[in-house]
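To be precise, the following lines are entry_25.txt, and they hold compact mmCIF, C-alpha atoms.
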```txt
# COMPACT_ATOMS: atom_id res chain seq x y z
CA MET A 1 95.45 74.29 93.05
CA LEU A 2 95.48 78.06 93.57
CA SER A 3 96.23 77.69 97.26
CA ALA A 4 99.21 75.51 96.32
CA ILE A 5 100.40 78.29 93.99
CA VAL A 6 100.06 80.83 96.83
CA VAL A 7 102.04 78.61 99.21
CA VAL A 8 104.78 77.98 96.63
CA GLY A 9 104.77 81.69 95.70
CA SER A 10 105.17 82.69 99.34
CA ALA A 11 108.04 80.24 99.78
CA VAL A 12 109.78 81.58 96.66
CA THR A 13 109.37 85.21 97.75
CA VAL A 14 110.72 84.37 101.19
CA LEU A 15 113.73 82.63 99.64
CA TYR A 16 114.30 85.65 97.39
CA SER A 17 114.58 87.97 100.37
CA PRO A 18 117.28 90.54 99.51
CA TYR A 19 119.29 90.69 102.72
CA PRO A 20 121.61 88.07 104.15
CA VAL A 21 120.68 86.09 107.23
CA LEU A 22 122.51 88.45 109.63
CA ALA A 23 120.63 91.50 108.39
CA GLN A 24 117.39 89.60 108.65
CA SER A 25 118.14 88.59 112.23
CA ASP A 26 118.69 92.29 113.03
CA THR A 27 115.29 93.04 111.54
CA VAL A 28 113.72 90.16 113.43
CA LYS A 29 115.18 91.54 116.68
CA VAL A 30 113.68 94.99 116.00
CA VAL A 31 110.34 93.48 114.97
CA ARG A 32 110.26 91.44 118.19
CA GLU A 33 110.96 94.53 120.34
CA VAL A 34 108.34 96.58 118.51
CA SER A 35 105.79 93.75 118.79
CA VAL A 36 106.33 93.50 122.55
CA GLY A 37 105.97 97.29 122.89
CA PHE A 38 102.90 97.22 120.69
CA MET A 39 101.28 94.54 122.86
CA HIS A 40 101.88 96.80 125.87
CA GLY A 41 100.09 99.60 124.08
CA HIS A 42 102.94 101.88 123.09
CA LEU A 43 105.16 102.49 120.09
CA ASN A 44 106.71 105.94 120.22
CA GLY A 45 106.56 106.15 123.99
CA THR A 46 104.45 108.42 126.14
CA PHE A 47 104.83 112.15 126.64
CA PRO A 48 105.92 112.59 130.26
CA GLY A 49 103.95 115.79 130.80
CA ARG A 50 107.20 117.62 131.62
CA ARG A 51 108.70 119.67 128.82
CA ASN A 52 112.36 119.57 127.89
CA THR A 53 114.21 122.87 128.02
CA ALA A 54 115.86 122.75 124.62
CA ASP A 55 117.49 125.89 123.31
CA TRP A 56 116.33 125.84 119.71
CA SER A 57 118.41 128.90 118.85
CA VAL A 58 121.39 126.58 118.28
CA LEU A 59 119.66 124.93 115.34
CA GLU A 60 120.95 125.38 111.81
CA PRO A 61 119.25 124.09 108.65
CA GLY A 62 120.14 120.45 108.06
CA ASP A 63 120.43 119.61 111.76
CA VAL A 64 118.97 116.35 113.01
CA VAL A 65 116.81 116.44 116.15
CA LEU A 66 116.53 113.15 118.02
CA CYS A 67 113.66 112.78 120.49
CA HIS A 68 113.24 110.37 123.40
CA ASN A 69 110.17 109.39 125.30
CA PRO A 70 109.97 106.76 128.04
CA GLY A 71 108.38 103.47 127.05
CA GLY A 72 109.39 103.68 123.40
CA SER A 73 109.49 100.25 121.83
CA TYR A 74 112.39 100.49 119.37
CA GLY A 75 115.39 101.88 121.13
CA TYR A 76 116.31 104.88 123.25
CA TRP A 77 115.61 107.52 120.60
CA THR A 78 111.99 107.17 119.62
CA HIS A 79 111.77 109.83 116.91
CA ALA A 80 113.94 111.88 114.56
CA VAL A 81 113.19 115.05 112.60
CA LEU A 82 115.16 117.30 110.25
CA TYR A 83 115.43 121.04 110.84
CA VAL A 84 114.76 122.90 107.58
CA GLY A 85 115.05 126.50 108.81
CA HIS A 86 112.60 129.25 109.79
CA GLY A 87 111.75 127.42 113.04
CA GLN A 88 110.36 124.42 111.16
CA VAL A 89 111.23 120.74 111.07
CA LEU A 90 110.33 118.09 108.53
CA ASP A 91 108.54 115.21 110.21
CA ALA A 92 107.52 111.83 108.76
CA ASN A 93 105.71 110.17 111.65
CA ASP A 94 102.07 110.70 110.86
CA PHE A 95 100.06 108.18 108.85
CA VAL A 96 97.11 110.58 108.79
CA ARG A 97 98.92 113.55 107.24
CA GLY A 98 102.04 112.01 105.68
CA THR A 99 105.31 113.97 105.61
CA VAL A 100 104.69 117.45 107.02
CA VAL A 101 106.47 120.47 108.54
CA PHE A 102 105.89 121.38 112.16
CA PRO A 103 107.17 124.23 114.37
CA VAL A 104 110.21 123.01 116.30
CA MET A 105 108.60 124.13 119.59
CA ARG A 106 106.30 121.14 119.27
CA TYR A 107 109.23 118.87 120.22
CA ASN A 108 109.52 120.37 123.69
CA ASN A 109 106.94 117.76 124.67
CA TYR A 110 109.55 114.99 124.51
CA GLU A 111 111.44 114.01 127.64
CA THR A 112 114.87 114.37 126.04
CA VAL A 113 116.04 115.84 122.75
CA GLU A 114 119.46 115.87 121.12
CA VAL A 115 120.64 118.00 118.22
CA LEU A 116 123.12 116.45 115.80
CA ARG A 117 124.94 118.28 113.04
CA ALA A 118 126.46 116.79 109.92
CA GLU A 119 130.18 117.24 109.38
CA ALA A 120 129.77 119.29 106.23
CA THR A 121 129.98 122.91 105.21
CA ALA A 122 127.12 125.23 106.15
CA ASP A 123 126.32 125.68 102.44
CA LYS A 124 126.02 121.94 102.00
CA ARG A 125 123.70 121.63 105.01
CA TRP A 126 121.55 124.52 103.71
CA GLN A 127 121.37 122.75 100.37
CA ILE A 128 120.29 119.51 102.06
CA ALA A 129 117.62 121.31 104.10
CA ALA A 130 116.24 122.96 100.97
CA ASP A 131 116.28 119.67 99.11
CA ALA A 132 114.46 117.95 102.00
CA ARG A 133 111.34 120.02 101.35
CA ARG A 134 110.82 117.94 98.20
CA GLU A 135 109.72 115.12 100.50
CA LEU A 136 106.71 117.10 101.77
CA GLY A 137 103.42 115.27 101.32
CA LYS A 138 104.91 111.80 100.78
CA ALA A 139 103.03 108.92 102.38
CA TYR A 140 104.11 107.55 105.76
CA ASP A 141 105.09 103.90 105.67
CA PRO A 142 107.19 102.56 108.56
CA PHE A 143 107.71 99.29 106.65
CA SER A 144 109.11 100.85 103.49
CA SER A 145 112.58 99.98 102.28
CA LEU A 146 115.39 102.51 101.84
CA GLU A 147 115.14 102.02 98.07
CA ASP A 148 111.48 102.98 98.05
CA THR A 149 111.49 106.72 97.31
CA LYS A 150 107.71 107.22 97.40
CA SER A 151 107.10 106.84 101.13
CA GLU A 152 108.97 107.84 104.25
CA TYR A 153 109.34 107.28 107.96
CA CYS A 154 111.23 109.56 110.34
CA SER A 155 114.78 108.20 110.32
CA LYS A 156 114.59 106.98 106.72
CA LEU A 157 113.63 110.49 105.59
CA ILE A 158 116.80 111.94 107.14
CA TRP A 159 119.03 109.14 105.87
CA TYR A 160 117.54 109.34 102.38
CA VAL A 161 117.81 113.15 102.03
CA TYR A 162 121.48 113.08 103.10
CA HIS A 163 122.16 110.06 100.90
CA ARG A 164 120.61 111.82 97.88
CA ASN A 165 123.00 114.70 98.50
CA GLY A 166 126.08 112.50 98.62
CA MET A 167 126.41 111.85 102.37
CA THR A 168 125.73 108.41 103.83
CA LEU A 169 125.06 108.85 107.54
CA CYS A 170 125.18 105.14 108.33
CA PRO A 171 125.21 101.85 106.40
CA PRO A 172 121.84 100.95 104.85
CA ARG A 173 119.73 98.51 106.86
CA PRO A 174 116.42 96.79 106.28
CA TRP A 175 114.93 98.97 109.00
CA LEU A 176 116.72 102.18 109.95
CA LEU A 177 116.03 103.50 113.46
CA PRO A 178 116.77 106.86 115.14
CA ASP A 179 119.33 105.01 117.30
CA HIS A 180 121.29 104.18 114.15
CA LEU A 181 121.46 107.91 113.30
CA ALA A 182 122.63 108.63 116.85
CA GLN A 183 125.59 106.30 116.26
CA SER A 184 126.47 107.89 112.91
CA PRO A 185 130.13 108.93 112.64
CA ALA A 186 129.09 111.66 110.19
CA LEU A 187 127.02 113.50 112.83
CA VAL A 188 128.33 115.41 115.85
CA CYS A 189 126.32 116.28 118.94
CA VAL A 190 125.51 119.97 119.36
CA GLY A 191 123.48 119.68 122.52
CA GLN A 192 121.21 117.49 124.60
CA TRP A 193 118.37 118.67 126.82
CA SER A 194 116.01 116.76 129.03
CA ALA A 195 113.02 117.52 131.19
CA GLU A 196 114.81 116.75 134.46
CA ARG A 197 118.06 118.54 133.93
CA MET A 198 119.58 120.71 131.28
CA ALA A 199 122.90 119.47 130.02
CA ARG A 200 124.67 121.06 127.13
CA ARG A 201 127.79 119.58 125.67
CA MET B 1 81.36 75.28 101.75
CA SER B 2 83.85 73.16 103.57
CA ARG B 3 85.50 74.22 106.80
CA LEU B 4 88.81 74.20 104.97
CA GLU B 5 87.61 76.87 102.54
CA ILE B 6 86.28 79.05 105.35
CA ARG B 7 89.61 78.75 107.12
CA LEU B 8 91.36 79.58 103.86
CA LEU B 9 89.32 82.79 103.53
CA LEU B 10 89.93 83.72 107.15
CA TYR B 11 93.63 82.99 107.33
CA SER B 12 94.87 83.66 103.79
CA TYR B 13 95.06 87.40 104.48
CA TRP B 14 97.38 86.76 107.44
CA GLY B 15 99.59 84.80 105.05
CA LEU B 16 99.52 87.74 102.66
CA LEU B 17 100.55 90.12 105.46
CA TYR B 18 103.44 87.89 106.45
CA THR B 19 104.63 87.56 102.86
CA SER B 20 104.22 91.29 102.22
CA LEU B 21 106.29 92.25 105.27
CA PHE B 22 109.00 89.75 104.36
CA VAL B 23 109.38 91.04 100.80
CA PHE B 24 108.97 94.75 101.58
CA HIS B 25 112.06 95.48 99.49
CA HIS B 26 110.26 94.27 96.37
CA PRO B 27 107.04 96.21 95.67
CA ARG B 28 106.37 94.09 92.57
CA LEU B 29 106.49 90.89 94.63
CA GLN B 30 104.16 92.55 97.13
CA LEU B 31 101.73 93.34 94.32
CA LEU B 32 102.03 89.79 92.96
CA ALA B 33 101.25 88.33 96.40
CA THR B 34 98.28 90.71 96.74
CA ALA B 35 96.96 89.74 93.29
CA LEU B 36 97.34 86.04 94.17
CA TRP B 37 95.44 86.56 97.42
CA LEU B 38 92.65 88.37 95.60
CA ALA B 39 92.40 85.55 93.04
CA LEU B 40 92.33 82.99 95.86
CA ALA B 41 89.58 84.92 97.68
CA VAL B 42 87.48 85.24 94.50
CA VAL B 43 87.83 81.55 93.59
CA THR B 44 86.97 80.50 97.15
CA SER B 45 83.95 82.83 97.13
CA ARG B 46 82.77 81.42 93.79
CA ARG B 47 83.10 77.88 95.04
CA ALA B 48 81.24 78.79 98.21
CA VAL B 49 78.35 80.35 96.30
CA ALA B 50 78.25 77.42 93.87
CA ALA B 51 78.09 75.08 96.90
CA GLY B 52 74.96 76.89 98.08
CA LEU B 53 76.32 79.37 100.64
CA SER B 54 74.18 82.51 100.80
CA VAL B 55 75.75 85.82 99.84
CA GLN B 56 74.95 87.18 103.31
CA ARG B 57 76.87 84.38 105.02
CA LEU B 58 79.75 84.71 102.58
CA LEU B 59 79.88 88.45 103.28
CA CYS B 60 79.88 87.62 106.99
CA VAL B 61 82.90 85.32 106.51
CA THR B 62 84.86 87.88 104.44
CA ALA B 63 83.99 90.64 106.93
CA CYS B 64 85.24 88.41 109.77
CA SER B 65 88.48 87.84 107.85
CA GLN B 66 88.92 91.66 107.62
CA LEU B 67 87.68 92.43 111.14
CA PRO B 68 91.00 93.76 112.57
CA GLY B 69 91.38 96.05 109.56
CA LEU B 70 87.76 97.21 109.69
CA VAL B 71 87.99 98.03 113.40
CA ALA B 72 91.36 99.79 112.99
CA ALA B 73 90.13 101.76 109.96
CA SER B 74 86.93 102.93 111.63
CA SER B 75 88.61 103.89 114.92
CA GLY B 76 91.60 105.44 113.08
CA LEU B 77 89.30 107.51 110.87
CA ALA B 78 87.09 108.54 113.80
CA SER B 79 90.08 109.61 115.89
CA ALA B 80 91.61 111.48 112.94
CA ILE B 81 88.35 113.37 112.34
CA ALA B 82 88.22 114.20 116.05
CA ASN B 83 91.83 115.47 115.69
CA THR B 84 93.10 113.01 118.33
CA PRO B 85 95.00 110.47 116.16
CA SER B 86 95.17 107.03 117.73
CA GLU B 87 98.69 105.61 117.52
CA ILE B 88 97.55 102.02 118.10
CA ALA B 89 94.67 102.13 115.59
CA ASN B 90 96.85 103.76 112.95
CA GLY B 91 99.65 101.27 113.65
CA ILE B 92 97.31 98.30 113.14
CA LEU B 93 95.88 99.91 110.00
CA GLU B 94 99.38 100.48 108.56
CA LEU B 95 100.25 96.87 109.21
CA TRP B 96 96.95 95.58 107.86
CA THR B 97 97.03 97.55 104.62
CA HIS B 98 100.74 97.08 103.99
CA PRO B 99 100.27 94.69 101.02
CA PHE B 100 98.53 97.56 99.20
CA PHE B 101 101.18 100.21 99.89
CA PRO B 102 102.79 99.94 96.43
CA LEU B 103 99.40 101.08 95.11
CA LEU B 104 98.82 103.70 97.82
CA GLU B 105 102.18 105.29 97.01
CA GLN B 106 101.00 105.97 93.46
CA LEU B 107 98.13 108.16 94.68
CA PRO B 108 98.38 111.96 94.38
CA GLN B 109 99.89 113.73 97.41
CA GLY B 110 96.76 115.69 98.26
CA SER B 111 94.66 115.92 101.39
CA VAL B 112 91.00 115.38 102.19
CA TYR B 113 89.74 117.35 105.20
CA GLY B 114 93.31 117.54 106.50
CA MET B 115 93.96 113.81 106.00
CA SER B 116 96.31 112.48 103.32
CA VAL B 117 94.76 110.71 100.33
CA ALA B 118 96.86 107.62 101.18
CA PHE B 119 95.38 107.45 104.70
CA VAL B 120 91.78 107.86 103.54
CA THR B 121 92.28 105.19 100.88
CA ALA B 122 93.94 102.89 103.43
CA CYS B 123 90.83 103.25 105.61
CA LEU B 124 88.72 101.99 102.70
CA ILE B 125 90.94 98.99 101.91
CA PRO B 126 89.54 96.58 104.59
CA LEU B 127 86.01 97.38 103.37
CA VAL B 128 87.00 96.76 99.74
CA CYS B 129 88.80 93.55 100.74
CA ALA B 130 85.63 92.34 102.47
CA CYS B 131 83.27 93.21 99.61
CA LEU B 132 85.32 92.68 96.45
CA PRO B 133 85.70 88.85 96.68
CA VAL B 134 81.95 88.58 97.29
CA LEU B 135 81.10 90.87 94.37
CA LEU B 136 83.51 89.20 91.98
CA GLY B 137 82.60 85.75 93.27
CA THR B 138 78.83 86.11 92.94
CA TRP B 139 77.97 88.35 89.99
CA ARG B 140 78.77 85.78 87.32
CA VAL B 141 77.00 83.03 89.22
CA LYS B 142 73.89 85.22 89.36
CA VAL B 143 74.04 85.93 85.62
CA VAL B 144 74.40 82.24 84.82
CA SER B 145 71.48 81.32 87.07
CA GLY B 146 69.42 84.13 85.48
CA ARG B 147 70.13 82.78 82.02
CA ARG B 148 69.14 79.33 83.17
CA LYS B 149 65.86 80.71 84.41
CA LEU B 150 65.32 82.45 81.07
CA ALA B 151 66.17 79.30 79.21
CA ALA B 152 63.82 77.36 81.41
CA GLY B 153 61.07 79.90 80.71
CA TRP B 154 61.70 79.84 76.97
CA LEU B 155 61.58 76.05 76.93
CA THR B 156 58.31 76.11 78.81
CA ARG B 157 56.78 78.57 76.36
CA ARG B 158 58.04 76.55 73.41
CA GLN B 159 56.68 73.36 74.91
CA LYS B 160 53.34 75.12 75.33
CA VAL B 161 53.41 76.18 71.65
```

Could you render the structure from this file as structure tokens?
Amino acid sequence: MLSAIVVVGSAVTVLYSPYPVLAQSDTVKVVREVSVGFMHGHLNGTFPGRRNTADWSVLEPGDVVLCHNPGGSYGYWTHAVLYVGHGQVLDANDFVRGTVVFPVMRYNNYETVEVLRAEATADKRWQIAADARRELGKAYDPFSSLEDTKSEYCSKLIWYVYHRNGMTLCPPRPWLLPDHLAQSPALVCVGQWSAERMARR
Amino acid sequence: MSRLEIRLLLYSYWGLLYTSLFVFHHPRLQLLATALWLALAVVTSRRAVAAGLSVQRLLCVTACSQLPGLVAASSGLASAIANTPSEIANGILELWTHPFFPLLEQLPQGSVYGMSVAFVTACLIPLVCACLPVLLGTWRVKVVSGRRKLAAGWLTRRQKV
């Protein structure tokens, strides 16, 4: 009897899924890619051993830093962090420690990095960077929805902090990836650096 | 205990994971699915004990059903203590404990030996999931059988009188 209730309950919850079929198929595509990467033993990609030559002096509070490593399983950009000033970035990629701040130099380990800046006044970006520190210590959950304000993952953290301050970087999705931030019309590229060659736009 | 019930114990958690990931926009539905799974596990455990399965064997079955989580939790915790976090172990643990995330999110944002409270609690979840159905499924059965023994003893004494 109880097993029947569980089966019916599961069916009902599946039918009550909040997103339309197209959004779900997008999620399914991402889940498939991540699963394949996971089976090959990598998620965020592997550090190449060569350090990128990023010039961090260009950073301003509120800037988004996208990071790429080869072999990443969910798109070209495998990680995203938010610069909050004083040489520190806010990072939500660690299940062990939750949402933490790290020195920006740490991200020289990635093969390629790109700095994006929001099309907003400097005051607004400073305000967003200050507000982002409220997320410190929140749990890391890569399967959390955008509506769930109690846990974060890297790209959701950035999207959510900007959204809370009145800027929507890209349309909400069931699973927001760094690649989606890279395509945001509200962000402009400040510079891109890689381990092989230094290219600044 | 029938094979069907053993399979139910082994595979029901996979069903819970699937449901939890599909309804990740609704924490309350996640909690409901988790509560239903726990009820199912307890009822199955009770039926198994009532059918004569030893507690040790039942614990073995529930531990087998939580084996991926137990392995991921132990290796994730060991690698975190050694300060070399394992991406794969932590990834499996995140996936495995996802049905409990609405509860984990309610925990205080502190740290224990440099690890977040949520992570440490997540490491304990597979262990709790293996032991709790056995504990809840057997304690009442033991009490009932104890009472029966008492009753049997009392009747014997009375008959003697």

Given only C-alpha atoms as the counted atoms, nearest of B:Ala80, B:Ala73, B:Leu31, B:Leu107 to Ile125 in chain B: B:Ala73

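CA of Tyr160 in chain A to CA of Arg106 in chain A spans 23.5 Å [interatomic distance, one decimal].
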
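Here CA of Pro142 in chain A and CA of Ser74 in chain B stand 20.5 Å from one another.
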
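A straight line drawn from CA of Ala41 in chain B to CA of Leu58 in chain B is 11.0 Å long.
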
Within 6 Å of chain B: residues of chain A, using all atoms listed in the file, as a PyMOL selection string: chain A and resi 96-97+137+145+150

Return as JSON the centre and edge lengths, in Å with one decimal, of the box along x, y and z that encloses every atom of range 39-53 of chain B in the file, padded by 6 Å per side.
```
{"center_x": 83.7, "center_y": 80.3, "center_z": 96.8, "size_x": 29.4, "size_y": 22.5, "size_z": 19.6}
```

Residues within 10 Å of His79 in chain A, all atoms listed in the file, excluding chain neighbours under 6 positions, as a VMD selection string: chain A and resid 44 to 45 65 to 69 72 91 to 93 107 110 113 153 to 155 177 to 179

Might you pull out every residue within 10 Å of Glu114 in chain A, with all atoms listed in the file counted and same-chain residues fewer than 5 positions away left off, and present them as a PDB file with C-alpha atoms, in the frame of the given file?
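Result went into part19.pdb, see below:
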```
ATOM      1  CA  ALA A  54     115.860 122.750 124.620  1.00  0.00           C
ATOM      2  CA  VAL A  64     118.970 116.350 113.010  1.00  0.00           C
ATOM      3  CA  VAL A  65     116.810 116.440 116.150  1.00  0.00           C
ATOM      4  CA  LEU A  66     116.530 113.150 118.020  1.00  0.00           C
ATOM      5  CA  CYS A  67     113.660 112.780 120.490  1.00  0.00           C
ATOM      6  CA  HIS A  68     113.240 110.370 123.400  1.00  0.00           C
ATOM      7  CA  TRP A  77     115.610 107.520 120.600  1.00  0.00           C
ATOM      8  CA  ALA A  80     113.940 111.880 114.560  1.00  0.00           C
ATOM      9  CA  ALA A 182     122.630 108.630 116.850  1.00  0.00           C
ATOM     10  CA  CYS A 189     126.320 116.280 118.940  1.00  0.00           C
ATOM     11  CA  VAL A 190     125.510 119.970 119.360  1.00  0.00           C
ATOM     12  CA  GLY A 191     123.480 119.680 122.520  1.00  0.00           C
ATOM     13  CA  GLN A 192     121.210 117.490 124.600  1.00  0.00           C
ATOM     14  CA  TRP A 193     118.370 118.670 126.820  1.00  0.00           C
ATOM     15  CA  SER A 194     116.010 116.760 129.030  1.00  0.00           C
ATOM     16  CA  ARG A 200     124.670 121.060 127.130  1.00  0.00           C
TER      17      ARG A 200
END
```

All residues 10 Å or closer to Val89 in chain A, all atoms listed in the file, same chain fewer than 4 positions away omitted, as a VMD selection string: chain A and resid 61 to 65 80 to 85 100 to 107 129 133

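If you count only C-alpha atoms and ignore residues fewer than 2 places along the chain from Glu152 in chain A, what sits within 6 Å of it is A:Tyr140, A:Asp141, A:Leu157.
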
Export: range 23-32 of chain B, all heavy atoms, as a PDB file, in the first residue's frame:
```pdb
ATOM      1  N   VAL B  23      12.152  17.450  -8.674  1.00  0.00           N
ATOM      2  CA  VAL B  23      11.317  18.487  -8.043  1.00  0.00           C
ATOM      3  C   VAL B  23      12.186  19.454  -7.223  1.00  0.00           C
ATOM      4  O   VAL B  23      11.758  19.960  -6.204  1.00  0.00           O
ATOM      5  CB  VAL B  23      10.204  17.878  -7.158  1.00  0.00           C
ATOM      6  CG1 VAL B  23       9.240  17.075  -7.978  1.00  0.00           C
ATOM      7  CG2 VAL B  23      10.788  17.033  -6.039  1.00  0.00           C
ATOM      8  N   PHE B  24      13.428  19.709  -7.711  1.00  0.00           N
ATOM      9  CA  PHE B  24      14.331  20.519  -6.900  1.00  0.00           C
ATOM     10  C   PHE B  24      13.873  21.970  -6.756  1.00  0.00           C
ATOM     11  O   PHE B  24      14.437  22.725  -5.984  1.00  0.00           O
ATOM     12  CB  PHE B  24      15.775  20.424  -7.398  1.00  0.00           C
ATOM     13  CG  PHE B  24      16.070  21.135  -8.692  1.00  0.00           C
ATOM     14  CD1 PHE B  24      16.738  22.341  -8.700  1.00  0.00           C
ATOM     15  CD2 PHE B  24      15.695  20.570  -9.904  1.00  0.00           C
ATOM     16  CE1 PHE B  24      17.031  22.982  -9.903  1.00  0.00           C
ATOM     17  CE2 PHE B  24      15.986  21.199 -11.093  1.00  0.00           C
ATOM     18  CZ  PHE B  24      16.645  22.419 -11.099  1.00  0.00           C
ATOM     19  N   HIS B  25      12.838  22.355  -7.492  1.00  0.00           N
ATOM     20  CA  HIS B  25      12.294  23.700  -7.317  1.00  0.00           C
ATOM     21  C   HIS B  25      11.294  23.762  -6.169  1.00  0.00           C
ATOM     22  O   HIS B  25      10.790  24.827  -5.851  1.00  0.00           O
ATOM     23  CB  HIS B  25      11.615  24.168  -8.601  1.00  0.00           C
ATOM     24  CG  HIS B  25      12.603  24.573  -9.638  1.00  0.00           C
ATOM     25  ND1 HIS B  25      13.215  23.661 -10.459  1.00  0.00           N
ATOM     26  CD2 HIS B  25      13.129  25.774  -9.943  1.00  0.00           C
ATOM     27  CE1 HIS B  25      14.049  24.305 -11.248  1.00  0.00           C
ATOM     28  NE2 HIS B  25      14.020  25.570 -10.958  1.00  0.00           N
ATOM     29  N   HIS B  26      10.954  22.611  -5.608  1.00  0.00           N
ATOM     30  CA  HIS B  26       9.951  22.587  -4.545  1.00  0.00           C
ATOM     31  C   HIS B  26      10.510  21.861  -3.319  1.00  0.00           C
ATOM     32  O   HIS B  26      10.331  20.654  -3.184  1.00  0.00           O
ATOM     33  CB  HIS B  26       8.679  21.875  -5.027  1.00  0.00           C
ATOM     34  CG  HIS B  26       8.017  22.578  -6.163  1.00  0.00           C
ATOM     35  ND1 HIS B  26       7.347  23.763  -5.994  1.00  0.00           N
ATOM     36  CD2 HIS B  26       7.927  22.274  -7.466  1.00  0.00           C
ATOM     37  CE1 HIS B  26       6.871  24.161  -7.164  1.00  0.00           C
ATOM     38  NE2 HIS B  26       7.216  23.270  -8.077  1.00  0.00           N
ATOM     39  N   PRO B  27      11.174  22.607  -2.423  1.00  0.00           N
ATOM     40  CA  PRO B  27      11.758  21.959  -1.238  1.00  0.00           C
ATOM     41  C   PRO B  27      10.736  21.184  -0.406  1.00  0.00           C
ATOM     42  O   PRO B  27      11.058  20.144   0.158  1.00  0.00           O
ATOM     43  CB  PRO B  27      12.324  23.130  -0.436  1.00  0.00           C
ATOM     44  CG  PRO B  27      12.516  24.226  -1.423  1.00  0.00           C
ATOM     45  CD  PRO B  27      11.466  24.043  -2.463  1.00  0.00           C
ATOM     46  N   ARG B  28       9.487  21.668  -0.368  1.00  0.00           N
ATOM     47  CA  ARG B  28       8.470  20.967   0.432  1.00  0.00           C
ATOM     48  C   ARG B  28       8.147  19.605  -0.177  1.00  0.00           C
ATOM     49  O   ARG B  28       7.937  18.628   0.545  1.00  0.00           O
ATOM     50  CB  ARG B  28       7.201  21.809   0.532  1.00  0.00           C
ATOM     51  CG  ARG B  28       7.361  22.945   1.518  1.00  0.00           C
ATOM     52  CD  ARG B  28       6.108  23.747   1.634  1.00  0.00           C
ATOM     53  NE  ARG B  28       6.316  24.897   2.491  1.00  0.00           N
ATOM     54  CZ  ARG B  28       5.446  25.854   2.688  1.00  0.00           C
ATOM     55  NH1 ARG B  28       4.281  25.817   2.081  1.00  0.00           N
ATOM     56  NH2 ARG B  28       5.708  26.868   3.482  1.00  0.00           N
ATOM     57  N   LEU B  29       8.110  19.551  -1.517  1.00  0.00           N
ATOM     58  CA  LEU B  29       7.866  18.259  -2.171  1.00  0.00           C
ATOM     59  C   LEU B  29       9.044  17.319  -1.939  1.00  0.00           C
ATOM     60  O   LEU B  29       8.869  16.111  -1.766  1.00  0.00           O
ATOM     61  CB  LEU B  29       7.639  18.453  -3.670  1.00  0.00           C
ATOM     62  CG  LEU B  29       6.259  18.969  -4.092  1.00  0.00           C
ATOM     63  CD1 LEU B  29       6.188  19.105  -5.603  1.00  0.00           C
ATOM     64  CD2 LEU B  29       5.155  18.042  -3.615  1.00  0.00           C
ATOM     65  N   GLN B  30      10.244  17.907  -1.925  1.00  0.00           N
ATOM     66  CA  GLN B  30      11.444  17.102  -1.635  1.00  0.00           C
ATOM     67  C   GLN B  30      11.318  16.485  -0.243  1.00  0.00           C
ATOM     68  O   GLN B  30      11.573  15.290  -0.056  1.00  0.00           O
ATOM     69  CB  GLN B  30      12.692  17.988  -1.668  1.00  0.00           C
ATOM     70  CG  GLN B  30      13.291  18.156  -3.043  1.00  0.00           C
ATOM     71  CD  GLN B  30      14.582  18.950  -2.974  1.00  0.00           C
ATOM     72  OE1 GLN B  30      14.725  19.886  -2.199  1.00  0.00           O
ATOM     73  NE2 GLN B  30      15.522  18.592  -3.800  1.00  0.00           N
ATOM     74  N   LEU B  31      10.920  17.316   0.720  1.00  0.00           N
ATOM     75  CA  LEU B  31      10.781  16.829   2.093  1.00  0.00           C
ATOM     76  C   LEU B  31       9.686  15.771   2.190  1.00  0.00           C
ATOM     77  O   LEU B  31       9.835  14.781   2.905  1.00  0.00           O
ATOM     78  CB  LEU B  31      10.473  17.997   3.035  1.00  0.00           C
ATOM     79  CG  LEU B  31      11.668  18.865   3.414  1.00  0.00           C
ATOM     80  CD1 LEU B  31      11.225  20.037   4.270  1.00  0.00           C
ATOM     81  CD2 LEU B  31      12.716  18.053   4.176  1.00  0.00           C
ATOM     82  N   LEU B  32       8.592  15.991   1.446  1.00  0.00           N
ATOM     83  CA  LEU B  32       7.494  15.014   1.456  1.00  0.00           C
ATOM     84  C   LEU B  32       7.975  13.672   0.908  1.00  0.00           C
ATOM     85  O   LEU B  32       7.705  12.609   1.496  1.00  0.00           O
ATOM     86  CB  LEU B  32       6.320  15.542   0.612  1.00  0.00           C
ATOM     87  CG  LEU B  32       5.110  14.615   0.477  1.00  0.00           C
ATOM     88  CD1 LEU B  32       4.396  14.478   1.822  1.00  0.00           C
ATOM     89  CD2 LEU B  32       4.139  15.130  -0.573  1.00  0.00           C
TER      90      LEU B  32
END
```
